[in-house]
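**Student:** Below you will find the structure I want to go over with you.
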Amino acid sequence: MKTSKLLCSIMLLCLCIGVKAQESAVYGGGPIYNNSNSIQELKSSGFTTVIIWTIHIEQNGDLGFNGEFPLVQNGVYVGNNTHPDFPDRVRQLKEAPTSITRVEFGLSAAGSGTFDAVKRFYETEGVGPQSTLYKNFLVLKNAIPGIDAFNNDDEVTYDAPSAIAFTKMLAGLGYKNAIVPYRRSDFWKALVEGVNAEFPNNIDRNYLQCYAGGSFNNPCSSTWDFGIPVYPGLWGGSGRTSPAGVESRMNNWQDQCGITGGFMWIYDDFDNSPQVAQYANAINNALSTQNPPTEVVINFNNVTLESYSNQNRSNNFSIANGGSNLQMSQNTWKRTAETFRITPNTVVEFEYRSTNESEIQGIGFDADNGLSSNRIFKVYGTQNWGIRTYDNYNGSGNFVKYTIPVGQRYTGSAMHLVLVNDNDSGNGNSTFKNVRLYESNQVASRQTANTIDPILGKDTYTTTLSTENVLQLNYEDEMQINEISIFDFSGRLIYQEAIDGTEEQLTIPLHQKIKKGTYIIRLKSSTNEVYVKKILKTN
């Protein structure tokens with residue numbers, strides 16, 4: 001495969017129509033359940049997320065709070081015996097007026113056998129609806145409904161198969177998930193990819209420890225880029241990093257790679273003091289300029305174009321029309337030295353034309369200089385490579401406009417723009433014109449008909465099913481879909497069918513016995529591509 005060079009010049013049209021709030025999180029333990037004044041202090045602090053520290057899973061599957069008091073024993077919630085106000089205090093954290101929009105429960109931590117227990121239960125009885133872990137976490141959910149997410153701090157076990165299955169169980173129960181690593185990036189990468197392949201963007205935050213054992217971690221390093229936002233954390237309180245020090249370090253990281261959030265460890269060390277608001281303000285002030293411009297227009301005269309991977313063998317490119325056009329031929333693969341922050345809302349828009357088909361012609365973003373087929377959106381070419389959702393250029397030689405919601409496929413804090421024209425022999429060519437990035441709130445769309453069109457991509461869409469109780473799937477045979485599964489939100493499989501992948505349409509009767517509610521449909525291709533959609537059954 002060969003390649004294309006991208007010279008992107010960046011004009012920032014800062015039409016900032018409003019500022020999107022950054023995320024500032026704080027971990028906290030005892031004060032939250034011991035001191036009622038702490039709830040109001042946190043609500044007025046400026047922090048946007050509170051992570052309550054921490055749930056332990058005992059060897060018998062019971063759930064306890066940090067070795068201090070039991071929560072669920074033998075399938076029964078018993079937390080009221082010691083802290084009857086705990087569920088209500090959790091609820092109050094997000095009750096207006098408040099700065100807090102998300103509350104998480106921590107899971108495990110150093111010295112806890114939590115994920116050893118998860119591994120043992122996974123190997124002996126699984127994590128399905130009849131398992132001990134599923135039942136106990138369902139009890140916890142019903143008792144403390146104010147929890148939005150779980151925060152995985154496995155610092156001992158690092159067993160990917162059991163961790164993936166367990167986190168999927170939590171996702172099926174309706175929880176978001178986050179991770180808080182400080183080492184073993186290979187494990188965390190496998191966990192994020194394994195869960196998000198089935199539950200897109202379920203693991204949505206990487207709270208990277210940049211203190212104690214993780215003090216040398218750099219949130220801007222590609223080591224920690226798993227396609228989700230990285231929020232670095234520092235340790236506050238007496239003898240630790242001061243609010244001014246937090247603001248300085250967060251600001252440096254924001255300048256380097258556009259971080260969109262950060263966190264403090266630990267509220268217990270500075271609660272009941274002005275430092276609570278000072279630490280929140282330090283993060284919020286440092287990141288207040290991080291918001292992406294409303295629009296970034298690429299001028300290829302104003303950027304530095306480098307070779308992408310080892311593919312830029314021809315290096316045939318030229319810039320025209322004052323920098324708005326990049327023309328490429330033969331084996332030319334280019335990336336910009338400049339980087340961009342790709343959020344879940346980021347869209348790339350451009351016009352494209354070719355007068356001679358190559359093997360691979362496309363555009364995308366990548367955090368490093370390794371060849372990544374899952375980062376490049378192919379729009380033309382003879383080879384089956386890259387993300388092919390938009391592989392539909394008509395070969396007319398005329399410009400065709402493309403609008404690609406990149407952030408619905410992957411995200412990153414420091415991503416290079418990549419353009420590809422790969423042609424080992426011959427003179428295949430590409431012209432990219434008027435390339436621009438912008439932020440869109442349309443991260444998902446609702447279809448009102450009883451149909452799903454998987455060619456829209458891997459993103460989660462909602463289809464509303466009405467009285468017909470029939471779901472019709474339309475897709476292109478080149479997608480080679482060979483398995484269709486439907487799950488309820490607890491993760492229970494309720495329908496599955498294998499197909500030969502050659503049909504362009506499939507009709508699934510959803511019988512009356514399937515109650516109204518929300519379901520997940522998963523389509524799996526012969527190449528293990530997974531397409532996930534959300535179904536809302538209204539009758």
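Here, A, B, ... name the chains of the structure tokens in the order displayed, residue numbers run from 1 inside each chain, and ligands are numbered from 1 in the same displayed order.
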Give me, as JSON, numbers by chain, the residues of range 326-355 of chain A that a backbone DSSP run labels strand (DSSP E or B).

**Tutor:** {"A": [326, 327, 328, 329, 332, 333, 334, 335, 336, 337, 338, 339, 340, 341, 342, 346, 347, 348, 349, 350, 351, 352, 353]}

**Student:** Would you mind exporting N, CA and C atoms of the selected residues as an mmCIF file, in the first residue's frame?

**Tutor:**
```cif
data_model
loop_
_atom_site.group_PDB
_atom_site.id
_atom_site.type_symbol
_atom_site.label_atom_id
_atom_site.label_comp_id
_atom_site.auth_asym_id
_atom_site.auth_seq_id
_atom_site.Cartn_x
_atom_site.Cartn_y
_atom_site.Cartn_z
ATOM 1 N N LEU A 326 -5.350 19.821 -2.145
ATOM 2 C CA LEU A 326 -4.160 18.966 -2.101
ATOM 3 C C LEU A 326 -4.334 17.876 -3.141
ATOM 4 N N GLN A 327 -3.399 17.847 -4.120
ATOM 5 C CA GLN A 327 -3.438 16.857 -5.197
ATOM 6 C C GLN A 327 -2.345 15.831 -4.950
ATOM 7 N N MET A 328 -2.675 14.542 -5.066
ATOM 8 C CA MET A 328 -1.750 13.460 -4.755
ATOM 9 C C MET A 328 -1.832 12.408 -5.841
ATOM 10 N N SER A 329 -0.702 11.732 -6.103
ATOM 11 C CA SER A 329 -0.712 10.650 -7.083
ATOM 12 C C SER A 329 0.310 9.593 -6.690
ATOM 13 N N THR A 332 1.544 8.043 -2.298
ATOM 14 C CA THR A 332 1.761 9.227 -1.464
ATOM 15 C C THR A 332 0.865 9.141 -0.241
ATOM 16 N N TRP A 333 1.490 8.986 0.917
ATOM 17 C CA TRP A 333 0.776 8.923 2.195
ATOM 18 C C TRP A 333 1.313 10.056 3.068
ATOM 19 N N LYS A 334 0.464 10.968 3.460
ATOM 20 C CA LYS A 334 0.907 12.138 4.194
ATOM 21 C C LYS A 334 0.137 12.302 5.505
ATOM 22 N N ARG A 335 0.817 12.896 6.475
ATOM 23 C CA ARG A 335 0.154 13.312 7.707
ATOM 24 C C ARG A 335 0.678 14.700 8.074
ATOM 25 N N THR A 336 -0.145 15.469 8.763
ATOM 26 C CA THR A 336 0.282 16.780 9.231
ATOM 27 C C THR A 336 1.101 16.633 10.503
ATOM 28 N N ALA A 337 2.139 17.483 10.619
ATOM 29 C CA ALA A 337 2.875 17.536 11.885
ATOM 30 C C ALA A 337 1.968 18.091 12.976
ATOM 31 N N GLU A 338 1.061 18.981 12.595
ATOM 32 C CA GLU A 338 0.103 19.545 13.536
ATOM 33 C C GLU A 338 -0.914 18.484 13.951
ATOM 34 N N THR A 339 -1.421 18.599 15.150
ATOM 35 C CA THR A 339 -2.401 17.632 15.636
ATOM 36 C C THR A 339 -3.721 18.318 15.946
ATOM 37 N N PHE A 340 -4.771 17.504 16.020
ATOM 38 C CA PHE A 340 -6.127 17.988 16.259
ATOM 39 C C PHE A 340 -6.756 17.130 17.350
ATOM 40 N N ARG A 341 -7.648 17.728 18.105
ATOM 41 C CA ARG A 341 -8.392 16.967 19.112
ATOM 42 C C ARG A 341 -9.688 16.478 18.494
ATOM 43 N N ILE A 342 -9.857 15.170 18.464
ATOM 44 C CA ILE A 342 -11.062 14.550 17.922
ATOM 45 C C ILE A 342 -11.959 14.159 19.089
ATOM 46 N N THR A 346 -16.753 15.481 16.698
ATOM 47 C CA THR A 346 -15.958 16.019 15.590
ATOM 48 C C THR A 346 -16.384 15.431 14.246
ATOM 49 N N VAL A 347 -16.552 16.313 13.274
ATOM 50 C CA VAL A 347 -16.913 15.945 11.905
ATOM 51 C C VAL A 347 -15.834 16.484 10.968
ATOM 52 N N VAL A 348 -15.428 15.687 9.977
ATOM 53 C CA VAL A 348 -14.556 16.194 8.919
ATOM 54 C C VAL A 348 -15.382 16.269 7.634
ATOM 55 N N GLU A 349 -15.248 17.373 6.961
ATOM 56 C CA GLU A 349 -16.000 17.596 5.716
ATOM 57 C C GLU A 349 -15.003 17.996 4.639
ATOM 58 N N PHE A 350 -15.191 17.494 3.427
ATOM 59 C CA PHE A 350 -14.277 17.802 2.335
ATOM 60 C C PHE A 350 -14.940 17.440 1.014
ATOM 61 N N GLU A 351 -14.332 17.939 -0.068
ATOM 62 C CA GLU A 351 -14.736 17.532 -1.414
ATOM 63 C C GLU A 351 -13.619 16.683 -1.999
ATOM 64 N N TYR A 352 -13.996 15.663 -2.764
ATOM 65 C CA TYR A 352 -13.012 14.713 -3.267
ATOM 66 C C TYR A 352 -13.282 14.403 -4.743
ATOM 67 N N ARG A 353 -12.183 14.241 -5.484
ATOM 68 C CA ARG A 353 -12.334 13.760 -6.853
ATOM 69 C C ARG A 353 -11.110 12.949 -7.246
#
```

**Student:** If you count only C-alpha atoms, which residues fall within 12 Å of range 170-174 of chain A, apart from same-chain ones fewer than 5 positions away, as a VMD selection string?

**Tutor:** chain A and resid 105 107 127 to 129 133 to 142 145 to 152 163 to 165 195 to 196 198 to 204 487 to 493 518 to 520

**Student:** Restrict the selected residues to N, CA and C atoms and save them as a short mmCIF file (atom, residue, chain, number, x, y, z; two decimals), in the first residue's frame.

**Tutor:**
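As written to disk, selection.cif reads:
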```
data_model
loop_
_atom_site.label_atom_id
_atom_site.label_comp_id
_atom_site.auth_asym_id
_atom_site.auth_seq_id
_atom_site.Cartn_x
_atom_site.Cartn_y
_atom_site.Cartn_z
N PHE A 105 -18.95 5.09 41.26
CA PHE A 105 -18.42 4.28 42.34
C PHE A 105 -17.07 3.74 41.89
N LEU A 107 -14.01 1.00 42.00
CA LEU A 107 -13.97 -0.46 42.11
C LEU A 107 -12.54 -0.90 42.38
N VAL A 127 -20.92 -14.43 34.51
CA VAL A 127 -21.43 -13.14 34.99
C VAL A 127 -22.80 -12.84 34.39
N GLY A 128 -23.51 -13.88 34.01
CA GLY A 128 -24.84 -13.71 33.44
C GLY A 128 -25.89 -13.38 34.48
N PRO A 129 -27.15 -13.20 34.06
CA PRO A 129 -28.22 -12.78 34.97
C PRO A 129 -28.44 -13.69 36.17
N LEU A 133 -22.49 -12.32 40.96
CA LEU A 133 -22.08 -10.93 40.76
C LEU A 133 -23.20 -10.11 40.13
N TYR A 134 -23.84 -10.65 39.13
CA TYR A 134 -24.94 -9.92 38.47
C TYR A 134 -26.04 -9.59 39.48
N LYS A 135 -26.44 -10.58 40.25
CA LYS A 135 -27.54 -10.37 41.21
C LYS A 135 -27.16 -9.33 42.25
N ASN A 136 -25.91 -9.38 42.75
CA ASN A 136 -25.50 -8.44 43.79
C ASN A 136 -25.39 -7.01 43.26
N PHE A 137 -24.90 -6.85 42.04
CA PHE A 137 -24.81 -5.50 41.48
C PHE A 137 -26.19 -4.97 41.10
N LEU A 138 -27.10 -5.84 40.75
CA LEU A 138 -28.48 -5.40 40.51
C LEU A 138 -29.11 -4.91 41.81
N VAL A 139 -28.85 -5.61 42.90
CA VAL A 139 -29.34 -5.18 44.22
C VAL A 139 -28.76 -3.80 44.55
N LEU A 140 -27.46 -3.62 44.32
CA LEU A 140 -26.82 -2.34 44.60
C LEU A 140 -27.43 -1.22 43.74
N LYS A 141 -27.69 -1.53 42.48
CA LYS A 141 -28.27 -0.53 41.58
C LYS A 141 -29.65 -0.08 42.07
N ASN A 142 -30.44 -1.03 42.51
CA ASN A 142 -31.79 -0.69 43.00
C ASN A 142 -31.74 0.09 44.31
N PRO A 145 -29.64 4.17 43.26
CA PRO A 145 -29.83 4.44 41.82
C PRO A 145 -29.10 5.70 41.33
N GLY A 146 -28.52 6.49 42.24
CA GLY A 146 -27.85 7.72 41.83
C GLY A 146 -26.49 7.53 41.22
N ILE A 147 -25.99 6.29 41.13
CA ILE A 147 -24.67 6.03 40.56
C ILE A 147 -24.79 5.90 39.04
N ASP A 148 -23.96 6.67 38.33
CA ASP A 148 -23.99 6.66 36.86
C ASP A 148 -22.98 5.70 36.25
N ALA A 149 -21.87 5.47 36.95
CA ALA A 149 -20.78 4.72 36.32
C ALA A 149 -19.94 4.02 37.38
N PHE A 150 -19.16 3.03 36.93
CA PHE A 150 -18.17 2.38 37.78
C PHE A 150 -16.78 2.72 37.26
N ASN A 151 -15.83 2.77 38.20
CA ASN A 151 -14.49 3.27 37.93
C ASN A 151 -13.50 2.17 38.29
N ASN A 152 -12.93 1.53 37.27
CA ASN A 152 -12.11 0.34 37.45
C ASN A 152 -10.68 0.72 37.83
N ALA A 163 -12.17 -9.37 33.13
CA ALA A 163 -12.47 -7.94 33.28
C ALA A 163 -13.39 -7.45 32.18
N ILE A 164 -13.18 -7.91 30.96
CA ILE A 164 -14.04 -7.52 29.84
C ILE A 164 -15.46 -8.02 30.06
N ALA A 165 -15.59 -9.29 30.43
CA ALA A 165 -16.93 -9.86 30.64
C ALA A 165 -17.65 -9.15 31.79
N VAL A 195 -14.66 -4.05 25.44
CA VAL A 195 -15.99 -3.63 25.90
C VAL A 195 -16.65 -2.73 24.86
N ASN A 196 -15.92 -1.75 24.35
CA ASN A 196 -16.52 -0.77 23.46
C ASN A 196 -16.86 -1.33 22.08
N GLU A 198 -18.61 -3.96 21.70
CA GLU A 198 -20.00 -4.41 21.84
C GLU A 198 -20.91 -3.32 22.39
N PHE A 199 -20.37 -2.47 23.26
CA PHE A 199 -21.13 -1.37 23.84
C PHE A 199 -20.37 -0.07 23.52
N PRO A 200 -20.58 0.50 22.33
CA PRO A 200 -19.79 1.64 21.88
C PRO A 200 -19.77 2.79 22.88
N ASN A 201 -18.53 3.25 23.16
CA ASN A 201 -18.30 4.39 24.04
C ASN A 201 -18.82 4.16 25.46
N ASN A 202 -18.95 2.88 25.87
CA ASN A 202 -19.36 2.63 27.25
C ASN A 202 -18.24 3.01 28.21
N ILE A 203 -17.03 2.50 27.96
CA ILE A 203 -15.88 3.00 28.71
C ILE A 203 -15.50 4.32 28.05
N ASP A 204 -15.80 5.41 28.73
CA ASP A 204 -15.71 6.71 28.08
C ASP A 204 -14.70 7.65 28.71
N PHE A 487 -30.18 -8.10 22.17
CA PHE A 487 -30.02 -8.25 23.61
C PHE A 487 -30.94 -7.25 24.31
N ASP A 488 -31.42 -7.63 25.49
CA ASP A 488 -32.06 -6.61 26.31
C ASP A 488 -30.97 -5.86 27.07
N PHE A 489 -31.36 -4.83 27.84
CA PHE A 489 -30.34 -3.98 28.44
C PHE A 489 -29.66 -4.63 29.64
N SER A 490 -30.09 -5.81 30.03
CA SER A 490 -29.36 -6.56 31.06
C SER A 490 -28.28 -7.42 30.44
N GLY A 491 -28.21 -7.43 29.11
CA GLY A 491 -27.24 -8.25 28.41
C GLY A 491 -27.76 -9.62 28.02
N ARG A 492 -29.04 -9.89 28.28
CA ARG A 492 -29.61 -11.20 27.96
C ARG A 492 -29.91 -11.31 26.47
N LEU A 493 -29.43 -12.37 25.85
CA LEU A 493 -29.68 -12.61 24.43
C LEU A 493 -31.13 -13.04 24.25
N THR A 518 -36.14 -0.84 25.61
CA THR A 518 -34.95 -0.57 24.81
C THR A 518 -34.12 -1.83 24.68
N TYR A 519 -33.66 -2.10 23.46
CA TYR A 519 -32.87 -3.27 23.16
C TYR A 519 -31.64 -2.87 22.34
N ILE A 520 -30.67 -3.76 22.31
CA ILE A 520 -29.46 -3.55 21.51
C ILE A 520 -29.42 -4.60 20.41
#
```

**Student:** Provide the CA of Gln130 in chain A to CA of Phe166 in chain A distance in Å, to one decimal place.

**Tutor:**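 Between CA of Gln130 in chain A and CA of Phe166 in chain A the gap is 13.5 Å.
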
**Student:** Skip Asp154 in chain A itself and residues of its chain fewer than 5 positions away, then list as a PyMOL selection string all residues within 12 Å of it, counting only C-alpha atoms.

**Tutor:** chain A and resi 54-57+106-119+159-160+162-163+178-185+187-188+191

**Student:** May I have all residues of range 160-373 of chain A that DSSP, computed from the backbone, assigns to helix (DSSP H, G or I), given as a PyMOL selection string?

**Tutor:** chain A and resi 160-172+185-196+212-214+222-224+243-257+267-269+275-286+321-323+373

**Student:** Export C-alpha atoms of the chosen residues as a compact mmCIF listing (two decimals), in the first residue's frame?

**Tutor:**
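File produced: result_11.txt:
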```
# COMPACT_ATOMS: atom_id res chain seq x y z
CA ALA A 160 -8.47 -9.23 30.43
CA PRO A 161 -11.10 -11.94 29.66
CA SER A 162 -12.79 -11.74 33.08
CA ALA A 163 -12.47 -7.94 33.28
CA ILE A 164 -14.04 -7.52 29.84
CA ALA A 165 -16.93 -9.86 30.64
CA PHE A 166 -17.53 -8.21 34.03
CA THR A 167 -17.48 -4.69 32.56
CA LYS A 168 -19.90 -5.76 29.84
CA MET A 169 -22.15 -7.02 32.64
CA LEU A 170 -22.09 -3.56 34.23
CA ALA A 171 -22.79 -1.99 30.83
CA GLY A 172 -25.75 -4.31 30.41
CA SER A 185 -1.36 -0.01 29.24
CA ASP A 186 -1.66 -3.24 27.23
CA PHE A 187 -4.29 -4.56 29.64
CA TRP A 188 -6.28 -1.32 29.68
CA LYS A 189 -6.22 -1.06 25.91
CA ALA A 190 -7.59 -4.60 25.60
CA LEU A 191 -10.30 -3.83 28.16
CA VAL A 192 -11.45 -0.63 26.42
CA GLU A 193 -11.46 -2.19 22.96
CA GLY A 194 -13.11 -5.42 24.15
CA VAL A 195 -15.99 -3.63 25.90
CA ASN A 196 -16.52 -0.77 23.46
CA ALA A 212 2.65 8.25 43.36
CA GLY A 213 3.43 5.14 41.28
CA GLY A 214 2.19 6.88 38.15
CA SER A 222 0.23 7.61 22.66
CA THR A 223 0.77 4.86 25.26
CA TRP A 224 -2.48 5.95 26.92
CA PRO A 243 -3.99 24.39 43.57
CA ALA A 244 -1.55 26.66 41.72
CA GLY A 245 0.62 23.64 40.87
CA VAL A 246 -2.41 21.72 39.62
CA GLU A 247 -3.45 24.60 37.37
CA SER A 248 0.06 24.90 35.94
CA ARG A 249 0.45 21.20 35.14
CA MET A 250 -3.06 20.86 33.73
CA ASN A 251 -2.46 23.93 31.60
CA ASN A 252 0.78 22.45 30.24
CA TRP A 253 -0.97 19.22 29.32
CA GLN A 254 -3.78 21.16 27.72
CA ASP A 255 -1.28 23.09 25.61
CA GLN A 256 0.53 19.90 24.60
CA CYS A 257 -2.40 17.73 23.60
CA TYR A 267 -11.11 14.88 48.72
CA ASP A 268 -10.55 13.36 52.18
CA ASP A 269 -7.17 15.19 52.35
CA GLN A 275 -9.05 24.14 48.80
CA VAL A 276 -12.04 22.12 47.59
CA ALA A 277 -13.22 24.95 45.36
CA GLN A 278 -9.63 26.00 44.65
CA TYR A 279 -8.71 22.61 43.20
CA ALA A 280 -11.88 22.51 41.09
CA ASN A 281 -11.18 26.02 39.84
CA ALA A 282 -7.57 25.09 39.09
CA ILE A 283 -8.68 22.34 36.70
CA ASN A 284 -11.52 24.36 35.21
CA ASN A 285 -9.36 27.45 34.70
CA ALA A 286 -6.50 25.47 33.15
CA ASN A 321 -6.16 27.22 -5.16
CA GLY A 322 -4.42 29.17 -2.43
CA GLY A 323 -3.94 26.14 -0.24
CA SER A 373 -6.41 0.69 8.86
```

**Student:** Return the single residue from A:Leu371, A:Val78, A:Ile32, A:Val230 that is closest to Asn217 in chain A, with distances computed using only C-alpha atoms.

**Tutor:**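 The answer is A:Val230, which sits nearest to Asn217 in chain A.
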
**Student:** What's the 7 Å shell around range 85-93 of chain A, counting only C-alpha atoms, without same-chain residues fewer than 2 positions away, as a list in words?

**Tutor:**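 Those residues are Tyr33, Ile39, Lys43, His83, Glu95, Ile100, Ala143, Ile144 and Gly146 of chain A.
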
**Student:** Atoms to include: N, CA and C atoms. Write the selected residues as a PDB file, in the first residue's frame.

**Tutor:**
```
ATOM      1  N   TYR A  33     -20.009   9.876  53.230  1.00  0.00           N
ATOM      2  CA  TYR A  33     -21.041   9.162  53.999  1.00  0.00           C
ATOM      3  C   TYR A  33     -21.019   9.494  55.481  1.00  0.00           C
ATOM      4  N   ILE A  39     -21.608  17.051  51.336  1.00  0.00           N
ATOM      5  CA  ILE A  39     -22.439  17.004  50.134  1.00  0.00           C
ATOM      6  C   ILE A  39     -22.618  18.406  49.569  1.00  0.00           C
ATOM      7  N   LYS A  43     -21.195  20.011  46.017  1.00  0.00           N
ATOM      8  CA  LYS A  43     -22.157  20.551  45.045  1.00  0.00           C
ATOM      9  C   LYS A  43     -21.804  21.974  44.626  1.00  0.00           C
ATOM     10  N   HIS A  83     -25.085   3.008  57.475  1.00  0.00           N
ATOM     11  CA  HIS A  83     -25.175   4.361  56.910  1.00  0.00           C
ATOM     12  C   HIS A  83     -26.487   4.506  56.154  1.00  0.00           C
ATOM     13  N   GLU A  95     -28.479  16.944  42.635  1.00  0.00           N
ATOM     14  CA  GLU A  95     -29.734  17.666  42.780  1.00  0.00           C
ATOM     15  C   GLU A  95     -29.469  19.177  42.732  1.00  0.00           C
ATOM     16  N   ILE A 100     -22.264  19.271  39.895  1.00  0.00           N
ATOM     17  CA  ILE A 100     -21.979  17.855  39.638  1.00  0.00           C
ATOM     18  C   ILE A 100     -23.000  17.269  38.664  1.00  0.00           C
ATOM     19  N   ALA A 143     -30.720  -0.192  45.128  1.00  0.00           N
ATOM     20  CA  ALA A 143     -30.618   0.478  46.432  1.00  0.00           C
ATOM     21  C   ALA A 143     -30.031   1.882  46.309  1.00  0.00           C
ATOM     22  N   ILE A 144     -29.073   2.061  45.380  1.00  0.00           N
ATOM     23  CA  ILE A 144     -28.415   3.368  45.202  1.00  0.00           C
ATOM     24  C   ILE A 144     -28.490   3.736  43.721  1.00  0.00           C
ATOM     25  N   GLY A 146     -28.517   6.488  42.245  1.00  0.00           N
ATOM     26  CA  GLY A 146     -27.854   7.723  41.829  1.00  0.00           C
ATOM     27  C   GLY A 146     -26.489   7.533  41.216  1.00  0.00           C
TER      28      GLY A 146
END
```

**Student:** Mind pulling up the distance from CA of Asp62 in chain A to CA of Asn74 in chain A?

**Tutor:** 6.5 Å

**Student:** To one decimal place, how far is CA of Gly227 in chain A from CA of Ile387 in chain A in Å?

**Tutor:**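 So the answer is 15.4 Å.
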
**Student:** Could you list, as a ChimeraX atom specification, every residue within 9 Å of Ile360 in chain A, counting only C-alpha atoms and ignoring same-chain residues fewer than 2 positions away?

**Tutor:** /A:1-3,357-358,362,378-386,420-423

**Student:** Restricting the calculation to only C-alpha atoms, which member of A:Asn66, A:Ser24, A:Cys210, A:Ser525 is positioned closest to Gly261 in chain A?

**Tutor:**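 Of all the options, A:Ser24 lies closest to Gly261 in chain A.
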
**Student:** Which residues are near Gly364 in chain A? Cut-off 8 Å, only C-alpha atoms, ignore same chain within fewer than 4 positions. Put them as a PyMOL selection string.

**Tutor:** chain A and resi 375-377+406+417-419
